[in-house]
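Take a look at the structure below.
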Amino acid sequence: MNNTSETPLKKVLLICAKGAIEDVYAALVMANGAVMEGIETKLFFTFFGLDAITKNKMTHLHTSTVGNPSMRMPGGLPFPTLLGILPGVEAGVSAMMKSQMEKLDIPTVPEFLEMITAGGGEIYACKLAADMFKLKKEDLYEDVIDIITVGQFYEMAGGENTQIIFT
Amino acid sequence: MGEKIIAGKTVQVSDDGYMTNMDEWTPEIGQEIAKEENIELTDKHMEIINFIRDKVKAGDTLTIRSVGKSGIIDIKGFYGLFPGAPLKKAARIAGVKKPASCV
């Protein structure tokens with residue numbers, strides 16, 4: 001851990017392209033972690049990741065109970081995919097996952113976004129995906145700064161010790 | 001790990017400058033570390049420092065969210081008082097170990 005003599009990271013740009021709970025949280029945890037370290041942070045949402053910043057979807061994210069080989073029953077037994085297709089199972093599993101996270105002091109999606117912006121992190125949406133899903137700025141969480149193009153994204157990525165992370 | 005003299009007292013510190021025995025801390029030591037971090041401690045700072053010390057003493061995990069929910073300050077204000085990396089800086093000044101949480 002003695003890497004203080006190396007040049008520290010100055011800026012990170014994170015891209016979240018998927019909308020399942022675990023994909024969104026991977027991006028949120030990393031973004032918030034960077035903000036907490038005093039690193040300049042920009043977080044971009046594209047394709048299904050846009051769900052995380054879409055007002056009427058951000059609090060209803062799900063995890064997939066079908067085609068997810070890491071899914072386990074409580075207690076650790078394998079989770080049968082056929083069970084995952086039953087109505088309500090995916091919602092139930094997602095609710096359980098959220099309650100587990102609450103116990104670990106992991107905030108909800110809107111609260112997490114608030115924490116990131118409170119520390120100076122910036123949140124953007126991808127223009128192409130927003131056009132595709134017919135989303136406008138007013139459909140998105142209020143702290144989203146702008147809907148931007150890939151070119152604008154790269155313009156923000158300049159400077160030494162900048163990293164782009166795709167979750 | 002090593003020893004360091006802060007505000008005239010010898011205390012145990014980790015390689016990255018966090019005190020490893022929170023009982024060795026005094027408000028004067030807090031002042032001294034705050035100076036190193038270029039922070040002028042106000043009453044509000046001290047309230048947060050005391051909150052952090054109580055939390056750590058109780059064995060709770062220190063998170064930025066818990067400070068935001070403490071009723072002392074919101075998260076934006078916390079970033080304002082300890083610019084840059086608030087949880088790390090506040091923990092250092094409070095004489096507790098480096099925070100080991102991801103949120």
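By convention in this document, the chains of the structure tokens carry letters A, B, ... by their order, each chain's residues are numbered from 1, and ligands are numbered from 1 in the order they are shown.
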
Give the residues of chain A that lie within 7 Å of chain B; count only C-alpha atoms, and format the answer as a ChimeraX atom specification.
/A:29,33,36-38,106,115,118-119

Serialized selection, N, CA and C atoms, as a PDB file, in the first residue's frame:
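Dumped everything to selection.pdb:
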```pdb
ATOM      1  N   VAL A  29     -20.602   2.372  -6.479  1.00  0.00           N
ATOM      2  CA  VAL A  29     -19.622   2.195  -5.401  1.00  0.00           C
ATOM      3  C   VAL A  29     -18.267   2.737  -5.841  1.00  0.00           C
ATOM      4  N   GLY A  33     -16.565   5.919  -4.228  1.00  0.00           N
ATOM      5  CA  GLY A  33     -15.255   5.664  -3.630  1.00  0.00           C
ATOM      6  C   GLY A  33     -14.213   6.643  -4.150  1.00  0.00           C
ATOM      7  N   MET A  36     -14.801  10.022  -2.612  1.00  0.00           N
ATOM      8  CA  MET A  36     -14.336  10.017  -1.220  1.00  0.00           C
ATOM      9  C   MET A  36     -12.832  10.156  -1.101  1.00  0.00           C
ATOM     10  N   GLU A  37     -12.113   9.717  -2.131  1.00  0.00           N
ATOM     11  CA  GLU A  37     -10.651   9.830  -2.127  1.00  0.00           C
ATOM     12  C   GLU A  37     -10.188  11.187  -2.647  1.00  0.00           C
ATOM     13  N   GLY A  38     -11.137  12.013  -3.033  1.00  0.00           N
ATOM     14  CA  GLY A  38     -10.766  13.320  -3.557  1.00  0.00           C
ATOM     15  C   GLY A  38     -10.361  13.290  -5.018  1.00  0.00           C
ATOM     16  N   ILE A 106     -25.400   0.334   2.689  1.00  0.00           N
ATOM     17  CA  ILE A 106     -25.265   0.709   1.277  1.00  0.00           C
ATOM     18  C   ILE A 106     -26.537   1.466   0.893  1.00  0.00           C
ATOM     19  N   MET A 115     -25.080  11.348  -2.857  1.00  0.00           N
ATOM     20  CA  MET A 115     -23.785  11.356  -2.169  1.00  0.00           C
ATOM     21  C   MET A 115     -22.660  11.706  -3.135  1.00  0.00           C
ATOM     22  N   ALA A 118     -22.941  15.355  -4.055  1.00  0.00           N
ATOM     23  CA  ALA A 118     -22.621  16.189  -2.884  1.00  0.00           C
ATOM     24  C   ALA A 118     -21.114  16.359  -2.752  1.00  0.00           C
ATOM     25  N   GLY A 119     -20.363  15.341  -3.158  1.00  0.00           N
ATOM     26  CA  GLY A 119     -18.910  15.411  -3.069  1.00  0.00           C
ATOM     27  C   GLY A 119     -18.265  15.991  -4.312  1.00  0.00           C
TER      28      GLY A 119
END
```

Report as a list in words all protein, DNA and RNA residues lying within 9 Å of Gly95 (chain B), evaluated on only C-alpha atoms, omitting residues in the same chain fewer than 2 positions from it.
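So, after excluding close chain neighbours, the residues are Tyr18, Met19, Thr20, Asn21, Met22, Asp23, Glu24, Trp25, Thr26, Ile29, Gly30, Ile33, Ile49, Arg53, Ala90, Ala91, Arg92, Ile93 and Lys97 of chain B.
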
Could you tell me how far CA of Thr63 (chain A) lies from CA of Val93 (chain A), in Å and to one decimal?
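Computed distance, CA of Thr63 (chain A) to CA of Val93 (chain A), equals 7.5 Å.
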
Could you pull out all residues of region 26-127 of chain A with a DSSP call of strand (DSSP E or B) and give them as JSON, numbers by chain?
{"A": [40, 41, 42, 43, 44, 45, 54, 72, 78, 122, 123, 124, 125, 126]}

Please dump the current selection as a short mmCIF file (atom, residue, chain, number, x, y, z; two decimals), in the first residue's frame; keep all heavy atoms.
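Result written to result-v8.cif:
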```cif
data_model
loop_
_atom_site.label_atom_id
_atom_site.label_comp_id
_atom_site.auth_asym_id
_atom_site.auth_seq_id
_atom_site.Cartn_x
_atom_site.Cartn_y
_atom_site.Cartn_z
N GLU A 40 -11.29 13.50 -8.98
CA GLU A 40 -12.33 14.06 -9.84
C GLU A 40 -13.08 12.91 -10.52
O GLU A 40 -12.46 12.03 -11.11
CB GLU A 40 -11.69 14.99 -10.89
CG GLU A 40 -12.70 15.68 -11.76
CD GLU A 40 -12.04 16.56 -12.83
OE1 GLU A 40 -10.82 16.87 -12.73
OE2 GLU A 40 -12.74 16.92 -13.79
N THR A 41 -14.40 12.92 -10.43
CA THR A 41 -15.18 11.76 -10.87
C THR A 41 -16.32 12.14 -11.80
O THR A 41 -17.09 13.06 -11.50
CB THR A 41 -15.79 11.05 -9.62
OG1 THR A 41 -14.74 10.79 -8.69
CG2 THR A 41 -16.48 9.76 -10.00
N LYS A 42 -16.40 11.44 -12.92
CA LYS A 42 -17.52 11.65 -13.84
C LYS A 42 -18.14 10.30 -14.15
O LYS A 42 -17.43 9.35 -14.47
CB LYS A 42 -17.02 12.33 -15.12
CG LYS A 42 -16.44 13.71 -14.87
CD LYS A 42 -15.89 14.32 -16.13
CE LYS A 42 -14.98 15.50 -15.85
NZ LYS A 42 -15.68 16.66 -15.27
N LEU A 43 -19.44 10.23 -14.03
CA LEU A 43 -20.14 8.96 -14.16
C LEU A 43 -21.12 9.05 -15.34
O LEU A 43 -21.95 9.94 -15.39
CB LEU A 43 -20.86 8.69 -12.84
CG LEU A 43 -21.65 7.44 -12.62
CD1 LEU A 43 -20.83 6.19 -12.91
CD2 LEU A 43 -22.16 7.38 -11.18
N PHE A 44 -20.97 8.12 -16.29
CA PHE A 44 -21.80 8.13 -17.50
C PHE A 44 -22.72 6.93 -17.54
O PHE A 44 -22.28 5.81 -17.30
CB PHE A 44 -20.92 8.11 -18.75
CG PHE A 44 -20.07 9.31 -18.87
CD1 PHE A 44 -18.86 9.38 -18.20
CD2 PHE A 44 -20.46 10.39 -19.65
CE1 PHE A 44 -18.06 10.51 -18.27
CE2 PHE A 44 -19.68 11.52 -19.72
CZ PHE A 44 -18.47 11.58 -19.04
N PHE A 45 -23.97 7.17 -17.87
CA PHE A 45 -24.92 6.07 -17.98
C PHE A 45 -25.35 5.94 -19.43
O PHE A 45 -25.70 6.93 -20.07
CB PHE A 45 -26.13 6.32 -17.08
CG PHE A 45 -25.79 6.23 -15.62
CD1 PHE A 45 -25.39 7.35 -14.91
CD2 PHE A 45 -25.84 5.01 -14.96
CE1 PHE A 45 -25.06 7.26 -13.56
CE2 PHE A 45 -25.52 4.91 -13.62
CZ PHE A 45 -25.12 6.03 -12.92
N THR A 54 -33.12 7.14 -14.53
CA THR A 54 -34.45 7.48 -15.04
C THR A 54 -35.40 7.51 -13.86
O THR A 54 -35.54 6.51 -13.14
CB THR A 54 -34.91 6.42 -16.08
OG1 THR A 54 -33.92 6.33 -17.09
CG2 THR A 54 -36.24 6.82 -16.70
N ARG A 72 -27.81 -17.96 -5.92
CA ARG A 72 -27.94 -19.05 -4.94
C ARG A 72 -29.20 -18.86 -4.12
O ARG A 72 -29.66 -17.73 -3.92
CB ARG A 72 -26.75 -19.07 -3.98
CG ARG A 72 -25.42 -19.45 -4.62
CD ARG A 72 -25.32 -20.95 -4.82
NE ARG A 72 -24.03 -21.36 -5.36
CZ ARG A 72 -23.72 -21.29 -6.65
NH1 ARG A 72 -24.58 -20.82 -7.51
NH2 ARG A 72 -22.53 -21.68 -7.06
N PRO A 78 -27.80 -24.25 -5.11
CA PRO A 78 -27.98 -23.62 -6.43
C PRO A 78 -29.43 -23.17 -6.64
O PRO A 78 -30.35 -23.80 -6.12
CB PRO A 78 -27.62 -24.74 -7.40
CG PRO A 78 -26.85 -25.73 -6.62
CD PRO A 78 -27.30 -25.61 -5.20
N GLU A 122 -19.79 14.18 -11.00
CA GLU A 122 -20.72 14.64 -12.03
C GLU A 122 -21.37 13.46 -12.73
O GLU A 122 -20.73 12.44 -12.98
CB GLU A 122 -19.95 15.49 -13.06
CG GLU A 122 -19.37 16.75 -12.44
CD GLU A 122 -18.47 17.51 -13.41
OE1 GLU A 122 -18.27 17.05 -14.55
OE2 GLU A 122 -17.96 18.58 -12.99
N ILE A 123 -22.64 13.62 -13.07
CA ILE A 123 -23.41 12.54 -13.68
C ILE A 123 -23.93 12.96 -15.05
O ILE A 123 -24.50 14.04 -15.20
CB ILE A 123 -24.56 12.12 -12.75
CG1 ILE A 123 -23.98 11.57 -11.45
CG2 ILE A 123 -25.45 11.07 -13.41
CD1 ILE A 123 -24.96 11.49 -10.32
N TYR A 124 -23.71 12.09 -16.04
CA TYR A 124 -24.13 12.38 -17.41
C TYR A 124 -24.90 11.20 -17.99
O TYR A 124 -24.73 10.06 -17.56
CB TYR A 124 -22.91 12.66 -18.29
CG TYR A 124 -22.11 13.86 -17.87
CD1 TYR A 124 -21.04 13.75 -16.99
CD2 TYR A 124 -22.44 15.14 -18.35
CE1 TYR A 124 -20.31 14.85 -16.59
CE2 TYR A 124 -21.71 16.25 -17.97
CZ TYR A 124 -20.64 16.10 -17.08
OH TYR A 124 -19.93 17.21 -16.69
N ALA A 125 -25.69 11.50 -19.02
CA ALA A 125 -26.38 10.44 -19.75
C ALA A 125 -25.89 10.46 -21.19
O ALA A 125 -25.48 11.50 -21.71
CB ALA A 125 -27.88 10.69 -19.71
N CYS A 126 -25.94 9.29 -21.83
CA CYS A 126 -25.46 9.15 -23.20
C CYS A 126 -26.57 9.53 -24.19
O CYS A 126 -27.71 9.08 -24.07
CB CYS A 126 -25.04 7.70 -23.41
SG CYS A 126 -24.99 7.19 -25.12
#
```

Do you know which residues are at most 8 Å from region 158-162 of chain A counting only C-alpha atoms, after dropping those on the same chain fewer than 5 positions away, and could you put them as a list in words?
Thr7, Pro8, Leu9, Lys10, Lys11, Val12 and Leu13 of chain A

Since we have the selection now, will you write its residues out, keeping all heavy atoms, as a PDB file, in the first residue's frame?
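Now in again06.pdb:
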```pdb
ATOM      1  N   THR A   7       2.568   8.637  -8.957  1.00  0.00           N
ATOM      2  CA  THR A   7       1.656   9.758  -9.128  1.00  0.00           C
ATOM      3  C   THR A   7       0.227   9.268  -8.927  1.00  0.00           C
ATOM      4  O   THR A   7      -0.206   8.335  -9.579  1.00  0.00           O
ATOM      5  CB  THR A   7       1.797  10.365 -10.538  1.00  0.00           C
ATOM      6  OG1 THR A   7       1.723   9.310 -11.477  1.00  0.00           O
ATOM      7  CG2 THR A   7       3.107  11.094 -10.681  1.00  0.00           C
ATOM      8  N   PRO A   8      -0.493   9.876  -7.997  1.00  0.00           N
ATOM      9  CA  PRO A   8      -1.844   9.392  -7.703  1.00  0.00           C
ATOM     10  C   PRO A   8      -2.835   9.676  -8.828  1.00  0.00           C
ATOM     11  O   PRO A   8      -2.633  10.594  -9.627  1.00  0.00           O
ATOM     12  CB  PRO A   8      -2.228  10.158  -6.432  1.00  0.00           C
ATOM     13  CG  PRO A   8      -1.329  11.321  -6.371  1.00  0.00           C
ATOM     14  CD  PRO A   8      -0.113  11.031  -7.185  1.00  0.00           C
ATOM     15  N   LEU A   9      -3.880   8.879  -8.848  1.00  0.00           N
ATOM     16  CA  LEU A   9      -4.950   9.048  -9.824  1.00  0.00           C
ATOM     17  C   LEU A   9      -5.618  10.406  -9.620  1.00  0.00           C
ATOM     18  O   LEU A   9      -5.899  10.800  -8.500  1.00  0.00           O
ATOM     19  CB  LEU A   9      -5.957   7.919  -9.579  1.00  0.00           C
ATOM     20  CG  LEU A   9      -6.916   7.525 -10.680  1.00  0.00           C
ATOM     21  CD1 LEU A   9      -6.185   7.259 -11.979  1.00  0.00           C
ATOM     22  CD2 LEU A   9      -7.671   6.278 -10.236  1.00  0.00           C
ATOM     23  N   LYS A  10      -5.838  11.122 -10.710  1.00  0.00           N
ATOM     24  CA  LYS A  10      -6.449  12.447 -10.563  1.00  0.00           C
ATOM     25  C   LYS A  10      -7.897  12.474 -11.006  1.00  0.00           C
ATOM     26  O   LYS A  10      -8.702  13.214 -10.482  1.00  0.00           O
ATOM     27  CB  LYS A  10      -5.655  13.466 -11.388  1.00  0.00           C
ATOM     28  CG  LYS A  10      -4.348  13.873 -10.748  1.00  0.00           C
ATOM     29  CD  LYS A  10      -3.771  15.094 -11.430  1.00  0.00           C
ATOM     30  CE  LYS A  10      -2.376  15.380 -10.918  1.00  0.00           C
ATOM     31  NZ  LYS A  10      -1.497  15.848 -11.993  1.00  0.00           N
ATOM     32  N   LYS A  11      -8.192  11.682 -12.032  1.00  0.00           N
ATOM     33  CA  LYS A  11      -9.563  11.745 -12.568  1.00  0.00           C
ATOM     34  C   LYS A  11     -10.004  10.369 -13.031  1.00  0.00           C
ATOM     35  O   LYS A  11      -9.226   9.634 -13.629  1.00  0.00           O
ATOM     36  CB  LYS A  11      -9.572  12.731 -13.738  1.00  0.00           C
ATOM     37  CG  LYS A  11     -10.912  12.827 -14.429  1.00  0.00           C
ATOM     38  CD  LYS A  11     -11.133  14.136 -15.170  1.00  0.00           C
ATOM     39  CE  LYS A  11     -10.201  14.431 -16.302  1.00  0.00           C
ATOM     40  NZ  LYS A  11     -10.581  15.595 -17.095  1.00  0.00           N
ATOM     41  N   VAL A  12     -11.232  10.011 -12.741  1.00  0.00           N
ATOM     42  CA  VAL A  12     -11.799   8.775 -13.295  1.00  0.00           C
ATOM     43  C   VAL A  12     -13.113   9.078 -13.996  1.00  0.00           C
ATOM     44  O   VAL A  12     -13.901   9.916 -13.556  1.00  0.00           O
ATOM     45  CB  VAL A  12     -12.061   7.674 -12.235  1.00  0.00           C
ATOM     46  CG1 VAL A  12     -10.788   7.065 -11.737  1.00  0.00           C
ATOM     47  CG2 VAL A  12     -12.901   8.163 -11.092  1.00  0.00           C
ATOM     48  N   LEU A  13     -13.319   8.380 -15.105  1.00  0.00           N
ATOM     49  CA  LEU A  13     -14.594   8.440 -15.803  1.00  0.00           C
ATOM     50  C   LEU A  13     -15.142   7.029 -15.807  1.00  0.00           C
ATOM     51  O   LEU A  13     -14.446   6.105 -16.247  1.00  0.00           O
ATOM     52  CB  LEU A  13     -14.401   8.940 -17.244  1.00  0.00           C
ATOM     53  CG  LEU A  13     -13.900  10.380 -17.404  1.00  0.00           C
ATOM     54  CD1 LEU A  13     -12.394  10.430 -17.404  1.00  0.00           C
ATOM     55  CD2 LEU A  13     -14.440  10.994 -18.679  1.00  0.00           C
TER      56      LEU A  13
END
```
